[in-house]
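Coordinates from protein38.cif are shown below (mmCIF, C-alpha atoms).
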data_structure
#
loop_
_atom_site.label_atom_id
_atom_site.label_comp_id
_atom_site.auth_asym_id
_atom_site.auth_seq_id
_atom_site.Cartn_x
_atom_site.Cartn_y
_atom_site.Cartn_z
CA MET X 1 -30.91 65.94 -63.46
CA ARG X 2 -31.33 62.15 -63.41
CA ARG X 3 -28.52 60.07 -61.95
CA SER X 4 -27.38 57.12 -64.03
CA GLY X 5 -27.88 53.59 -62.76
CA LEU X 6 -24.09 53.19 -62.58
CA THR X 7 -23.72 56.22 -60.29
CA VAL X 8 -26.42 54.97 -57.95
CA LEU X 9 -24.91 51.48 -57.83
CA VAL X 10 -21.41 52.80 -57.12
CA SER X 11 -22.74 54.99 -54.31
CA CYS X 12 -24.53 52.01 -52.74
CA LEU X 13 -21.42 49.84 -52.93
CA LEU X 14 -19.27 52.51 -51.29
CA CYS X 15 -21.76 53.02 -48.46
CA TRP X 16 -21.99 49.26 -47.96
CA PHE X 17 -18.22 48.91 -47.80
CA LEU X 18 -17.61 51.83 -45.44
CA VAL X 19 -20.56 51.68 -43.06
CA ALA X 20 -21.25 47.96 -42.57
CA PRO X 21 -17.87 47.06 -40.98
CA SER X 22 -18.26 49.85 -38.41
CA ALA X 23 -21.67 48.54 -37.41
CA MET X 24 -20.28 45.03 -37.01
CA ALA X 25 -17.34 46.27 -34.95
CA ALA X 26 -19.66 47.80 -32.35
CA THR X 27 -21.35 44.50 -31.47
CA GLU X 28 -20.71 43.45 -27.86
CA LEU X 29 -21.20 39.73 -27.22
CA VAL X 30 -21.13 39.81 -23.41
CA ASN X 31 -24.48 40.48 -21.77
CA ASN X 32 -24.19 42.97 -18.89
CA GLY X 33 -20.40 42.92 -18.96
CA ASN X 34 -20.33 46.37 -17.33
CA PHE X 35 -22.88 45.29 -14.69
CA ALA X 36 -25.07 48.28 -15.54
CA THR X 37 -28.15 46.42 -14.29
CA LYS X 38 -26.71 46.67 -10.76
CA ASP X 39 -26.90 42.90 -10.47
CA PHE X 40 -25.77 39.70 -12.22
CA THR X 41 -28.41 39.68 -14.95
CA GLY X 42 -27.08 37.72 -17.95
CA TRP X 43 -24.63 35.73 -15.85
CA THR X 44 -24.99 32.15 -14.64
CA LEU X 45 -23.82 31.81 -11.03
CA GLY X 46 -22.31 28.52 -9.85
CA SER X 47 -24.30 26.27 -7.54
CA ASN X 48 -21.95 26.96 -4.62
CA PHE X 49 -22.60 30.73 -4.69
CA ASN X 50 -22.49 31.85 -1.03
CA GLY X 51 -24.34 35.15 -1.48
CA ASP X 52 -21.40 37.45 -0.73
CA TRP X 53 -21.46 38.97 -4.21
CA ASN X 54 -22.52 42.54 -4.96
CA VAL X 55 -22.44 45.16 -7.68
CA VAL X 56 -21.00 48.52 -6.63
CA GLY X 57 -19.96 51.59 -8.55
CA PRO X 58 -19.53 53.43 -10.67
CA GLY X 59 -15.82 52.73 -11.06
CA LEU X 60 -13.45 52.78 -14.00
CA ASN X 61 -14.85 54.39 -17.16
CA ASN X 62 -18.06 55.02 -15.21
CA SER X 63 -18.66 51.26 -15.16
CA ASP X 64 -20.26 49.43 -12.28
CA THR X 65 -18.16 46.76 -10.56
CA ALA X 66 -18.84 43.16 -9.57
CA GLU X 67 -17.63 42.73 -5.97
CA LEU X 68 -16.81 39.04 -5.69
CA GLY X 69 -16.40 37.86 -2.12
CA GLN X 70 -16.76 34.08 -2.33
CA TRP X 71 -15.05 32.83 0.82
CA ASP X 72 -15.79 29.16 1.47
CA SER X 73 -14.98 27.49 -1.89
CA VAL X 74 -14.15 28.29 -5.52
CA ALA X 75 -17.18 29.82 -7.24
CA THR X 76 -17.96 30.46 -10.91
CA MET X 77 -19.89 32.95 -13.00
CA SER X 78 -20.32 32.34 -16.71
CA GLN X 79 -22.05 33.11 -20.00
CA THR X 80 -22.35 31.27 -23.30
CA LEU X 81 -21.58 33.60 -26.22
CA ALA X 82 -22.80 33.34 -29.81
CA THR X 83 -19.65 33.12 -31.95
CA THR X 84 -18.70 31.98 -35.45
CA VAL X 85 -16.22 29.13 -35.90
CA GLY X 86 -12.91 30.40 -37.27
CA ASN X 87 -13.49 34.07 -36.43
CA LEU X 88 -10.99 35.96 -34.27
CA TYR X 89 -12.35 37.74 -31.17
CA ASP X 90 -10.93 40.10 -28.53
CA PHE X 91 -11.57 39.22 -24.87
CA SER X 92 -10.85 41.78 -22.15
CA PHE X 93 -11.69 42.73 -18.56
CA GLN X 94 -10.37 44.78 -15.63
CA LEU X 95 -9.56 43.31 -12.22
CA SER X 96 -8.51 44.81 -8.88
CA THR X 97 -8.48 44.11 -5.14
CA PRO X 98 -8.86 46.52 -2.18
CA SER X 99 -5.76 48.41 -1.13
CA SER X 100 -6.18 47.33 2.52
CA GLY X 101 -6.42 43.94 4.19
CA THR X 102 -3.78 42.36 1.96
CA ASP X 103 -3.12 39.60 4.50
CA PHE X 104 -6.26 37.94 3.19
CA TYR X 105 -5.08 37.93 -0.43
CA THR X 106 -2.09 35.59 -0.20
CA SER X 107 -2.01 32.67 -2.62
CA GLN X 108 -3.24 30.44 0.21
CA TYR X 109 -6.44 32.41 0.63
CA SER X 110 -7.33 33.69 -2.84
CA SER X 111 -7.38 32.83 -6.51
CA PHE X 112 -8.94 34.17 -9.70
CA ALA X 113 -9.08 32.63 -13.18
CA ALA X 114 -10.68 33.42 -16.54
CA ALA X 115 -11.41 30.89 -19.28
CA ILE X 116 -12.78 31.33 -22.78
CA GLY X 117 -13.89 28.42 -24.91
CA GLY X 118 -12.74 25.99 -22.22
CA VAL X 119 -9.18 27.38 -22.26
CA THR X 120 -7.82 29.15 -19.16
CA VAL X 121 -6.27 32.42 -20.34
CA TYR X 122 -5.65 34.17 -17.01
CA THR X 123 -4.83 33.07 -13.46
CA SER X 124 -3.88 35.04 -10.36
CA SER X 125 -3.37 34.45 -6.65
CA GLY X 126 -2.83 37.06 -3.98
CA PRO X 127 -3.60 40.79 -4.36
CA VAL X 128 -3.75 42.59 -7.70
CA SER X 129 -1.43 45.58 -7.99
CA GLY X 130 -3.57 48.55 -8.96
CA THR X 131 -6.05 47.76 -11.72
CA TYR X 132 -5.06 44.95 -14.05
CA ASN X 133 -6.19 45.40 -17.65
CA PHE X 134 -6.39 41.99 -19.27
CA ALA X 135 -6.80 41.51 -23.03
CA THR X 136 -6.22 38.57 -25.35
CA PRO X 137 -7.43 37.44 -28.77
CA PHE X 138 -8.91 34.00 -29.36
CA THR X 139 -10.25 32.05 -32.31
CA ALA X 140 -13.71 30.56 -31.90
CA THR X 141 -13.88 26.78 -32.29
CA SER X 142 -17.64 26.61 -31.72
CA ASN X 143 -20.77 28.62 -32.43
CA ALA X 144 -21.39 28.66 -28.67
CA THR X 145 -18.33 29.80 -26.66
CA ASP X 146 -18.31 29.60 -22.86
CA LEU X 147 -16.88 32.51 -20.88
CA THR X 148 -16.15 31.55 -17.26
CA PHE X 149 -14.65 33.31 -14.24
CA SER X 150 -13.57 31.22 -11.23
CA PHE X 151 -12.59 32.79 -7.92
CA TYR X 152 -12.09 32.36 -4.19
CA ASN X 153 -11.15 35.09 -1.72
CA TYR X 154 -11.28 34.43 2.01
CA ASN X 155 -12.58 37.51 3.88
CA GLY X 156 -11.85 39.80 0.94
CA TYR X 157 -13.06 40.76 -2.54
CA TYR X 158 -12.07 40.74 -6.17
CA TYR X 159 -13.42 43.66 -8.19
CA LEU X 160 -14.33 42.79 -11.79
CA GLN X 161 -15.23 45.42 -14.41
CA ASN X 162 -15.81 45.99 -18.11
CA VAL X 163 -15.95 42.39 -19.32
CA SER X 164 -15.98 42.41 -23.12
CA VAL X 165 -15.83 40.07 -26.10
CA GLN X 166 -15.99 41.61 -29.58
CA LEU X 167 -15.19 40.52 -33.09
CA ALA X 168 -11.56 41.43 -33.85
CA GLN X 169 -10.93 44.04 -36.52
CA SER X 170 -9.08 41.52 -38.68
CA SER X 171 -12.25 39.40 -38.85
CA ILE X 172 -14.49 42.28 -39.91
CA ALA X 173 -15.29 42.66 -43.61
CA ALA X 174 -18.09 44.19 -45.61
CA PRO X 175 -20.92 41.69 -46.23
CA GLY X 176 -22.24 40.37 -49.52
CA PRO X 177 -20.19 39.71 -52.68
CA ILE X 178 -17.06 41.44 -51.36
CA ALA X 179 -17.05 39.81 -47.90
CA GLY X 180 -13.62 39.02 -46.49
CA THR X 181 -11.67 40.63 -49.32
CA GLY X 182 -11.61 44.34 -48.47
CA LEU X 183 -10.65 47.20 -50.78
CA PRO X 184 -9.19 45.10 -53.67
CA ALA X 185 -12.48 43.25 -54.02
CA LEU X 186 -14.42 46.50 -53.90
CA MET X 187 -12.33 47.94 -56.72
CA GLY X 188 -12.77 44.75 -58.71
CA ALA X 189 -16.52 44.84 -58.22
CA LEU X 190 -16.66 48.44 -59.37
CA ALA X 191 -14.55 47.60 -62.44
CA ILE X 192 -16.93 44.77 -63.40
CA VAL X 193 -19.94 47.07 -63.00
CA GLY X 194 -18.26 49.76 -65.06
CA LEU X 195 -17.37 47.32 -67.83
CA ALA X 196 -20.93 46.03 -67.97
CA HIS X 197 -22.22 49.59 -68.18
CA MET X 198 -19.82 50.41 -71.03
CA ARG X 199 -20.98 47.35 -72.96
CA ARG X 200 -24.62 48.31 -72.54
CA SER X 201 -23.82 51.86 -73.63
CA SER X 202 -21.93 50.57 -76.70
CA ARG X 203 -24.84 48.39 -77.78
CA THR X 204 -27.21 51.35 -77.37
CA ILE X 205 -25.05 53.61 -79.59
CA THR X 206 -24.74 50.95 -82.28
#
Reformat the file's structure so that it appears as structure tokens.
Amino acid sequence: MRRSGLTVLVSCLLCWFLVAPSAMAATELVNNGNFATKDFTGWTLGSNFNGDWNVVGPGLNNSDTAELGQWDSVATMSQTLATTVGNLYDFSFQLSTPSSGTDFYTSQYSSFAAAIGGVTVYTSSGPVSGTYNFATPFTATSNATDLTFSFYNYNGYYYLQNVSVQLAQSSIAAPGPIAGTGLPALMGALAIVGLAHMRRSSRTIT
């Protein structure tokens, strides 16, 4: 039995609407944010890097961990992410410090900061209690967004894991003629297609 052109078109539109957003949602913008390469591939290390940085693991969620032991000055590690101006993104990471040697993690001897798009969104001094799960949304103001971590920890380490930037769900929409409008636009598109099909059928009968 042959399927009508309308049936085929409706099926394609439904697949487009349901599958495409899921594919977009899975896109991770940070390169090597889980440090799976066992090194700092994908990251740009500041010029004052003193060499006391390692990747250890696995840790939380089976993710490797960046062990950041910069001791003589504030160091940076960064990436430039491909973003779209006006889109909302979710930025997150996990941070911890060792449970021992806390004398070295007072505000005088340690600091950690995270910035996205040139805006500092997290700062800390002293030890981190347990594992800190940081998450914040941000709106891209450029097609190239800088992600930067700055840190200093005399005779100790910060442990950084699972760095992630992804397009926020509210910014995800099916592509093409119904982009950004969701289910109402899909229903409207189907109604237009159906009306056109009815008109063609009416002319054929006449």
The PyMOL selection byres ((chain X and resi 150) around 9) - which residues does that actually catch in the file I just gave you? List them as an mmCIF file with C-alpha atoms, in the frame of the given file.
data_model
loop_
_atom_site.group_PDB
_atom_site.id
_atom_site.type_symbol
_atom_site.label_atom_id
_atom_site.label_comp_id
_atom_site.auth_asym_id
_atom_site.auth_seq_id
_atom_site.Cartn_x
_atom_site.Cartn_y
_atom_site.Cartn_z
ATOM 1 C CA VAL X 74 -14.150 28.290 -5.520
ATOM 2 C CA ALA X 75 -17.180 29.820 -7.240
ATOM 3 C CA THR X 76 -17.960 30.460 -10.910
ATOM 4 C CA MET X 77 -19.890 32.950 -13.000
ATOM 5 C CA SER X 78 -20.320 32.340 -16.710
ATOM 6 C CA SER X 111 -7.380 32.830 -6.510
ATOM 7 C CA PHE X 112 -8.940 34.170 -9.700
ATOM 8 C CA ALA X 113 -9.080 32.630 -13.180
ATOM 9 C CA ALA X 114 -10.680 33.420 -16.540
ATOM 10 C CA ALA X 115 -11.410 30.890 -19.280
ATOM 11 C CA THR X 148 -16.150 31.550 -17.260
ATOM 12 C CA PHE X 149 -14.650 33.310 -14.240
ATOM 13 C CA PHE X 151 -12.590 32.790 -7.920
ATOM 14 C CA TYR X 152 -12.090 32.360 -4.190
#
### Query
In Å, how far is it from CA of Val30 in chain X to CA of Asn162 in chain X?
9.7 Å
#### Entry: Residues selected by the PyMOL selection byres ((chain X and resi 53) around 10), written as JSON, numbers by chain
{"X": [39, 40, 49, 50, 51, 52, 54, 55, 56, 66, 67, 68, 69, 70, 157, 158]}
Might you spell out which residues the PyMOL selection byres ((chain X and resi 124-139) around 10) would select in the displayed file, as a JSON list (two decimals) with C-alpha atoms, in the coordinates of the input?
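Result file is selection11.json:
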[["chain", "number", "residue", "atom", "x", "y", "z"],
["X", 60, "LEU", "CA", -13.45, 52.78, -14.00],
["X", 83, "THR", "CA", -19.65, 33.12, -31.95],
["X", 84, "THR", "CA", -18.70, 31.98, -35.45],
["X", 85, "VAL", "CA", -16.22, 29.13, -35.90],
["X", 86, "GLY", "CA", -12.91, 30.40, -37.27],
["X", 87, "ASN", "CA", -13.49, 34.07, -36.43],
["X", 88, "LEU", "CA", -10.99, 35.96, -34.27],
["X", 89, "TYR", "CA", -12.35, 37.74, -31.17],
["X", 90, "ASP", "CA", -10.93, 40.10, -28.53],
["X", 91, "PHE", "CA", -11.57, 39.22, -24.87],
["X", 92, "SER", "CA", -10.85, 41.78, -22.15],
["X", 93, "PHE", "CA", -11.69, 42.73, -18.56],
["X", 94, "GLN", "CA", -10.37, 44.78, -15.63],
["X", 95, "LEU", "CA", -9.56, 43.31, -12.22],
["X", 96, "SER", "CA", -8.51, 44.81, -8.88],
["X", 97, "THR", "CA", -8.48, 44.11, -5.14],
["X", 98, "PRO", "CA", -8.86, 46.52, -2.18],
["X", 99, "SER", "CA", -5.76, 48.41, -1.13],
["X", 100, "SER", "CA", -6.18, 47.33, 2.52],
["X", 101, "GLY", "CA", -6.42, 43.94, 4.19],
["X", 102, "THR", "CA", -3.78, 42.36, 1.96],
["X", 103, "ASP", "CA", -3.12, 39.60, 4.50],
["X", 104, "PHE", "CA", -6.26, 37.94, 3.19],
["X", 105, "TYR", "CA", -5.08, 37.93, -0.43],
["X", 106, "THR", "CA", -2.09, 35.59, -0.20],
["X", 107, "SER", "CA", -2.01, 32.67, -2.62],
["X", 108, "GLN", "CA", -3.24, 30.44, 0.21],
["X", 109, "TYR", "CA", -6.44, 32.41, 0.63],
["X", 110, "SER", "CA", -7.33, 33.69, -2.84],
["X", 111, "SER", "CA", -7.38, 32.83, -6.51],
["X", 112, "PHE", "CA", -8.94, 34.17, -9.70],
["X", 113, "ALA", "CA", -9.08, 32.63, -13.18],
["X", 114, "ALA", "CA", -10.68, 33.42, -16.54],
["X", 116, "ILE", "CA", -12.78, 31.33, -22.78],
["X", 117, "GLY", "CA", -13.89, 28.42, -24.91],
["X", 119, "VAL", "CA", -9.18, 27.38, -22.26],
["X", 121, "VAL", "CA", -6.27, 32.42, -20.34],
["X", 122, "TYR", "CA", -5.65, 34.17, -17.01],
["X", 123, "THR", "CA", -4.83, 33.07, -13.46],
["X", 140, "ALA", "CA", -13.71, 30.56, -31.90],
["X", 141, "THR", "CA", -13.88, 26.78, -32.29],
["X", 142, "SER", "CA", -17.64, 26.61, -31.72],
["X", 151, "PHE", "CA", -12.59, 32.79, -7.92],
["X", 152, "TYR", "CA", -12.09, 32.36, -4.19],
["X", 153, "ASN", "CA", -11.15, 35.09, -1.72],
["X", 156, "GLY", "CA", -11.85, 39.80, 0.94],
["X", 157, "TYR", "CA", -13.06, 40.76, -2.54],
["X", 158, "TYR", "CA", -12.07, 40.74, -6.17],
["X", 159, "TYR", "CA", -13.42, 43.66, -8.19],
["X", 160, "LEU", "CA", -14.33, 42.79, -11.79],
["X", 161, "GLN", "CA", -15.23, 45.42, -14.41],
["X", 162, "ASN", "CA", -15.81, 45.99, -18.11],
["X", 163, "VAL", "CA", -15.95, 42.39, -19.32],
["X", 164, "SER", "CA", -15.98, 42.41, -23.12],
["X", 165, "VAL", "CA", -15.83, 40.07, -26.10],
["X", 166, "GLN", "CA", -15.99, 41.61, -29.58],
["X", 167, "LEU", "CA", -15.19, 40.52, -33.09],
["X", 168, "ALA", "CA", -11.56, 41.43, -33.85]]
### Message
From the options X:Asp64, X:Ile172, X:Leu45, X:Asp146, which residue's atoms come nearest to Thr27 in chain X, counting all atoms listed in the file?
### Response
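Answer, going by the shortest atom-to-atom distance: X:Ile172.
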## Note on the structure
Atom pair CA of Gly118 in chain X + CA of Tyr154 in chain X, distance 25.7 Å
### Task
Could you jot down the CA of Trp43 in chain X to CA of Ser170 in chain X separation for me, Å, one decimal place?
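The value is 28.2 Å.
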